[in-house]
Amino acid sequence: MSCIWPHRTYGVVILFLLACFLHYFFWHIDVASTPIITTKSKQEVLPTYVFSSQYARQEIPHLTPVNPSTLIPSGSHPIDEAHRNGYLHTGHCLFIMDASGLLLFLKRSSDVVTCPSTWSILGEHSMAKEEARDTVVRGMEEELGLKQVGRLETSDSSSFFADFQTMNKKDTIHVAIQNITQYPLYYIRHYGPRLDNRIDSQLTYLWLARLPKPFDEIQITLDDEVADHK
């Protein structure tokens, strides 16, 4: 069986770093600004789930791996409704690494509802009837201004290659992408009264995308939900 990154230890180290990042950086304190819902967020419809009897939701610790085969579908809901009611949904977080080993961080716009003006890695919610790999590709397209022009599947079900064209159409980059979590991690966040007591209850898949060039050689065009990057 082929694999983009054959060394198991490397994957374990990356997974540990990602879990630490999620715990210490995604659990950040909101700034005291008045958020608005962006047009993109209004259009997002998320498939939602409930836990099977195998899990007692109130007892699942933050960042616990959960077998997705135990989930029971419960319909689809607009993202705002899902967060207002704490409906369980799925999402994907991407660590994007360039050829120099640097990682990409994005600063969220001051106009988004949750966690405005904070730094994080690239993330996307899973949309209704959307495959996981399509969510990952869409995230890179929407937030970085890239366009997928080709994809190569591998015999390793956790990895694939994607070719992206930059917005100016002057460059095509070959990106190696791998899911580094056997099971998604249960992410739970209570936003409190300032955000109408929204609850983000998400099973989060972690991915590593490796670029063939340094960041300063790739044209990145941020979308309206991203204010800056480094």
# chains A, B, ... in the order shown; residues from 1 in each chain; ligands from 1
call {"tool": "residues_around", "arguments": {"residues": "A:Glu124", "least_positions_apart": "6", "cutoff": "12 Å", "atoms": "only C-alpha atoms", "output": "PyMOL selection string"}}
result
chain A and resi 40-41+44+46+79+89-94+130+132-143+202-207+225
call {"tool": "residues_around", "arguments": {"residues": "A:Val149", "least_positions_apart": "2", "cutoff": "9 Å", "atoms": "only C-alpha atoms", "output": "list in words"}}
result
Lys147, Arg151, Ala162, Asp163, Phe164, Gln165 and Thr172 of chain A
call {"tool": "residues_around", "arguments": {"residues": "A:Gly75", "least_positions_apart": "3", "cutoff": "12 Å", "atoms": "only C-alpha atoms", "output": "PyMOL selection string"}}
result
chain A and resi 45-50+72+78+82+87-89+127-129
call {"tool": "write_last_selection", "arguments": {"atoms": "N, CA, C and O atoms", "output": "JSON list (two decimals), in the first residue's frame"}}
result
[["chain", "number", "residue", "atom", "x", "y", "z"],
["A", 45, "VAL", "N", -25.25, 25.19, 4.26],
["A", 45, "VAL", "CA", -26.19, 24.24, 4.85],
["A", 45, "VAL", "C", -25.39, 23.01, 5.26],
["A", 45, "VAL", "O", -24.70, 22.40, 4.44],
["A", 46, "LEU", "N", -25.47, 22.66, 6.54],
["A", 46, "LEU", "CA", -24.64, 21.59, 7.08],
["A", 46, "LEU", "C", -25.46, 20.34, 7.36],
["A", 46, "LEU", "O", -26.55, 20.42, 7.93],
["A", 47, "PRO", "N", -24.95, 19.16, 7.00],
["A", 47, "PRO", "CA", -25.56, 17.92, 7.48],
["A", 47, "PRO", "C", -25.30, 17.78, 8.97],
["A", 47, "PRO", "O", -24.19, 18.06, 9.44],
["A", 48, "THR", "N", -26.30, 17.39, 9.73],
["A", 48, "THR", "CA", -26.15, 17.27, 11.18],
["A", 48, "THR", "C", -26.41, 15.84, 11.63],
["A", 48, "THR", "O", -27.00, 15.03, 10.90],
["A", 49, "TYR", "N", -25.97, 15.55, 12.85],
["A", 49, "TYR", "CA", -26.01, 14.18, 13.36],
["A", 49, "TYR", "C", -26.35, 14.17, 14.85],
["A", 49, "TYR", "O", -26.28, 15.20, 15.52],
["A", 50, "VAL", "N", -26.70, 12.99, 15.33],
["A", 50, "VAL", "CA", -26.81, 12.76, 16.77],
["A", 50, "VAL", "C", -25.94, 11.56, 17.09],
["A", 50, "VAL", "O", -25.68, 10.70, 16.24],
["A", 72, "ILE", "N", -25.70, 9.09, 13.82],
["A", 72, "ILE", "CA", -27.00, 8.93, 13.18],
["A", 72, "ILE", "C", -27.38, 10.25, 12.51],
["A", 72, "ILE", "O", -27.46, 11.28, 13.18],
["A", 78, "PRO", "N", -29.15, 25.22, 8.10],
["A", 78, "PRO", "CA", -28.26, 26.36, 7.86],
["A", 78, "PRO", "C", -27.25, 26.48, 8.99],
["A", 78, "PRO", "O", -27.55, 26.14, 10.14],
["A", 82, "ALA", "N", -27.55, 25.65, 13.02],
["A", 82, "ALA", "CA", -26.77, 24.57, 13.64],
["A", 82, "ALA", "C", -26.01, 25.07, 14.85],
["A", 82, "ALA", "O", -25.95, 24.39, 15.89],
["A", 87, "TYR", "N", -26.21, 21.81, 17.11],
["A", 87, "TYR", "CA", -26.32, 20.56, 16.36],
["A", 87, "TYR", "C", -24.93, 20.04, 15.99],
["A", 87, "TYR", "O", -24.08, 20.79, 15.53],
["A", 88, "LEU", "N", -24.73, 18.76, 16.15],
["A", 88, "LEU", "CA", -23.46, 18.13, 15.81],
["A", 88, "LEU", "C", -23.29, 18.09, 14.29],
["A", 88, "LEU", "O", -24.19, 17.67, 13.56],
["A", 89, "HIS", "N", -22.13, 18.55, 13.82],
["A", 89, "HIS", "CA", -21.83, 18.54, 12.39],
["A", 89, "HIS", "C", -20.36, 18.18, 12.21],
["A", 89, "HIS", "O", -19.65, 17.93, 13.19],
["A", 127, "MET", "N", -20.37, 20.45, 3.82],
["A", 127, "MET", "CA", -21.67, 20.82, 3.29],
["A", 127, "MET", "C", -22.49, 19.56, 3.01],
["A", 127, "MET", "O", -21.95, 18.44, 2.92],
["A", 128, "ALA", "N", -23.78, 19.74, 2.85],
["A", 128, "ALA", "CA", -24.66, 18.62, 2.55],
["A", 128, "ALA", "C", -24.26, 17.96, 1.23],
["A", 128, "ALA", "O", -23.96, 18.63, 0.25],
["A", 129, "LYS", "N", -24.19, 16.63, 1.23],
["A", 129, "LYS", "CA", -23.88, 15.82, 0.05],
["A", 129, "LYS", "C", -22.48, 16.11, -0.50],
["A", 129, "LYS", "O", -22.25, 15.96, -1.70]]
call {"tool": "select_by_dssp", "arguments": {"residues": "chain A", "states": "strand (DSSP E)", "output": "compact mmCIF listing (two decimals) with C-alpha atoms, in the first residue's frame"}}
result
# COMPACT_ATOMS: atom_id res chain seq x y z
CA VAL A 45 -26.19 24.24 4.85
CA LEU A 46 -24.64 21.59 7.08
CA PRO A 47 -25.56 17.92 7.48
CA THR A 48 -26.15 17.27 11.18
CA TYR A 49 -26.01 14.18 13.36
CA VAL A 50 -26.81 12.76 16.77
CA PHE A 51 -24.66 10.39 18.75
CA THR A 64 -11.81 13.00 21.87
CA PRO A 65 -11.58 10.82 18.71
CA LEU A 71 -23.35 8.73 14.16
CA ILE A 72 -27.00 8.93 13.18
CA PRO A 73 -27.93 11.52 10.49
CA SER A 74 -30.52 14.06 11.66
CA GLY A 75 -31.06 16.18 8.55
CA SER A 76 -29.47 19.38 7.21
CA HIS A 77 -29.59 22.88 8.68
CA PRO A 78 -28.26 26.36 7.86
CA LEU A 88 -23.46 18.13 15.81
CA HIS A 89 -21.83 18.54 12.39
CA THR A 90 -18.51 17.76 10.71
CA GLY A 91 -15.64 19.96 9.55
CA HIS A 92 -12.06 19.87 8.34
CA CYS A 93 -8.95 21.73 9.49
CA LEU A 94 -5.91 21.96 7.22
CA PHE A 95 -2.32 22.46 8.20
CA ILE A 96 -0.80 23.90 5.02
CA MET A 97 2.98 23.49 4.86
CA LEU A 106 -4.98 32.93 8.63
CA LYS A 107 -6.46 35.88 10.51
CA ARG A 108 -10.25 35.84 10.51
CA TRP A 119 -5.62 33.62 14.06
CA SER A 120 -6.13 29.97 13.11
CA LEU A 122 -7.59 26.94 7.41
CA GLY A 123 -10.92 25.31 8.20
CA GLU A 124 -14.16 24.43 6.42
CA HIS A 125 -17.50 22.94 7.42
CA LYS A 147 -8.65 26.62 -8.49
CA GLN A 148 -8.43 22.84 -8.69
CA VAL A 149 -7.58 21.76 -12.24
CA GLY A 150 -6.76 18.12 -11.58
CA ARG A 151 -6.75 15.37 -8.97
CA LEU A 152 -4.90 12.09 -8.60
CA GLU A 153 -6.22 9.47 -6.21
CA SER A 159 -4.22 10.64 0.79
CA PHE A 160 -4.47 12.20 -2.66
CA PHE A 161 -2.80 14.76 -4.91
CA ALA A 162 -4.49 17.88 -6.28
CA ASP A 163 -3.33 20.36 -8.91
CA PHE A 164 -4.29 23.97 -8.24
CA GLN A 165 -4.04 26.98 -10.51
CA THR A 172 -0.04 25.47 -11.32
CA ILE A 173 1.02 23.80 -8.08
CA HIS A 174 0.96 20.08 -7.30
CA VAL A 175 -0.21 19.60 -3.70
CA ALA A 176 0.06 16.40 -1.63
CA ILE A 177 -2.83 16.11 0.84
CA GLN A 178 -3.28 13.56 3.62
CA ASN A 179 -5.88 12.95 6.30
CA LEU A 185 -11.85 14.80 16.98
CA TYR A 186 -14.88 16.01 18.92
CA TYR A 187 -14.60 19.79 19.16
CA ILE A 188 -17.01 21.58 21.53
CA ARG A 189 -17.11 25.34 22.10
CA HIS A 190 -19.67 27.41 24.03
CA ILE A 199 -22.52 26.17 20.58
CA ASP A 200 -20.06 24.76 18.06
CA SER A 201 -20.35 20.97 18.29
CA GLN A 202 -18.19 19.51 15.54
CA LEU A 203 -16.36 16.35 14.59
CA THR A 204 -13.15 17.71 13.09
CA TYR A 205 -10.93 15.90 10.60
CA LEU A 206 -7.29 17.03 10.48
CA TRP A 207 -5.40 17.25 7.18
CA LEU A 208 -1.87 18.07 6.10
CA ALA A 209 -1.39 19.74 2.71
CA ARG A 210 2.20 20.07 1.46
CA VAL A 226 -9.87 36.22 5.91
CA ALA A 227 -8.21 39.51 6.86
CA ASP A 228 -4.53 38.52 6.73
CA HIS A 229 -2.12 35.61 6.63
call {"tool": "select_by_dssp", "arguments": {"residues": "stretch 77-229 of chain A", "states": "alpha helix (DSSP H)", "output": "JSON, numbers by chain"}}
result
{"A": [79, 80, 81, 82, 83, 84, 85, 132, 133, 134, 135, 136, 137, 138, 139, 140, 141, 142, 143, 144]}
call {"tool": "write_last_selection", "arguments": {"atoms": "C-alpha atoms", "output": "PDB file, in the first residue's frame"}}
result
ATOM      1  CA  ILE A  79     -24.978  26.998   9.662  1.00  0.00           C
ATOM      2  CA  ASP A  80     -26.471  29.714  11.876  1.00  0.00           C
ATOM      3  CA  GLU A  81     -29.264  27.394  13.014  1.00  0.00           C
ATOM      4  CA  ALA A  82     -26.772  24.570  13.635  1.00  0.00           C
ATOM      5  CA  HIS A  83     -24.665  26.813  15.877  1.00  0.00           C
ATOM      6  CA  ARG A  84     -27.616  28.381  17.698  1.00  0.00           C
ATOM      7  CA  ASN A  85     -28.919  24.925  18.605  1.00  0.00           C
ATOM      8  CA  ALA A 132     -14.568  14.967   2.624  1.00  0.00           C
ATOM      9  CA  ARG A 133     -11.917  15.486  -0.055  1.00  0.00           C
ATOM     10  CA  ASP A 134     -14.180  17.912  -1.896  1.00  0.00           C
ATOM     11  CA  THR A 135     -14.529  19.938   1.321  1.00  0.00           C
ATOM     12  CA  VAL A 136     -10.749  20.126   1.679  1.00  0.00           C
ATOM     13  CA  VAL A 137     -10.312  21.254  -1.931  1.00  0.00           C
ATOM     14  CA  ARG A 138     -13.138  23.805  -1.618  1.00  0.00           C
ATOM     15  CA  GLY A 139     -11.466  25.254   1.477  1.00  0.00           C
ATOM     16  CA  MET A 140      -8.224  25.834  -0.392  1.00  0.00           C
ATOM     17  CA  GLU A 141     -10.100  27.315  -3.346  1.00  0.00           C
ATOM     18  CA  GLU A 142     -12.311  29.680  -1.349  1.00  0.00           C
ATOM     19  CA  GLU A 143      -9.878  30.897   1.282  1.00  0.00           C
ATOM     20  CA  LEU A 144      -6.656  30.965  -0.750  1.00  0.00           C
TER      21      LEU A 144
END
call {"tool": "closest_residue", "arguments": {"among": "A:Gln182, A:Asp156, A:Ile121, A:Leu104", "to": "A:Asp216", "atoms": "only C-alpha atoms"}}
result
A:Leu104
call {"tool": "closest_residue", "arguments": {"among": "A:Ile60, A:Gly192, A:Lys230, A:Glu217", "to": "A:Leu103", "atoms": "only C-alpha atoms"}}
result
A:Lys230
call {"tool": "closest_residue", "arguments": {"among": "A:Pro193, A:Lys169, A:Ser158, A:Glu59", "to": "A:Gly145", "atoms": "only C-alpha atoms"}}
result
A:Lys169
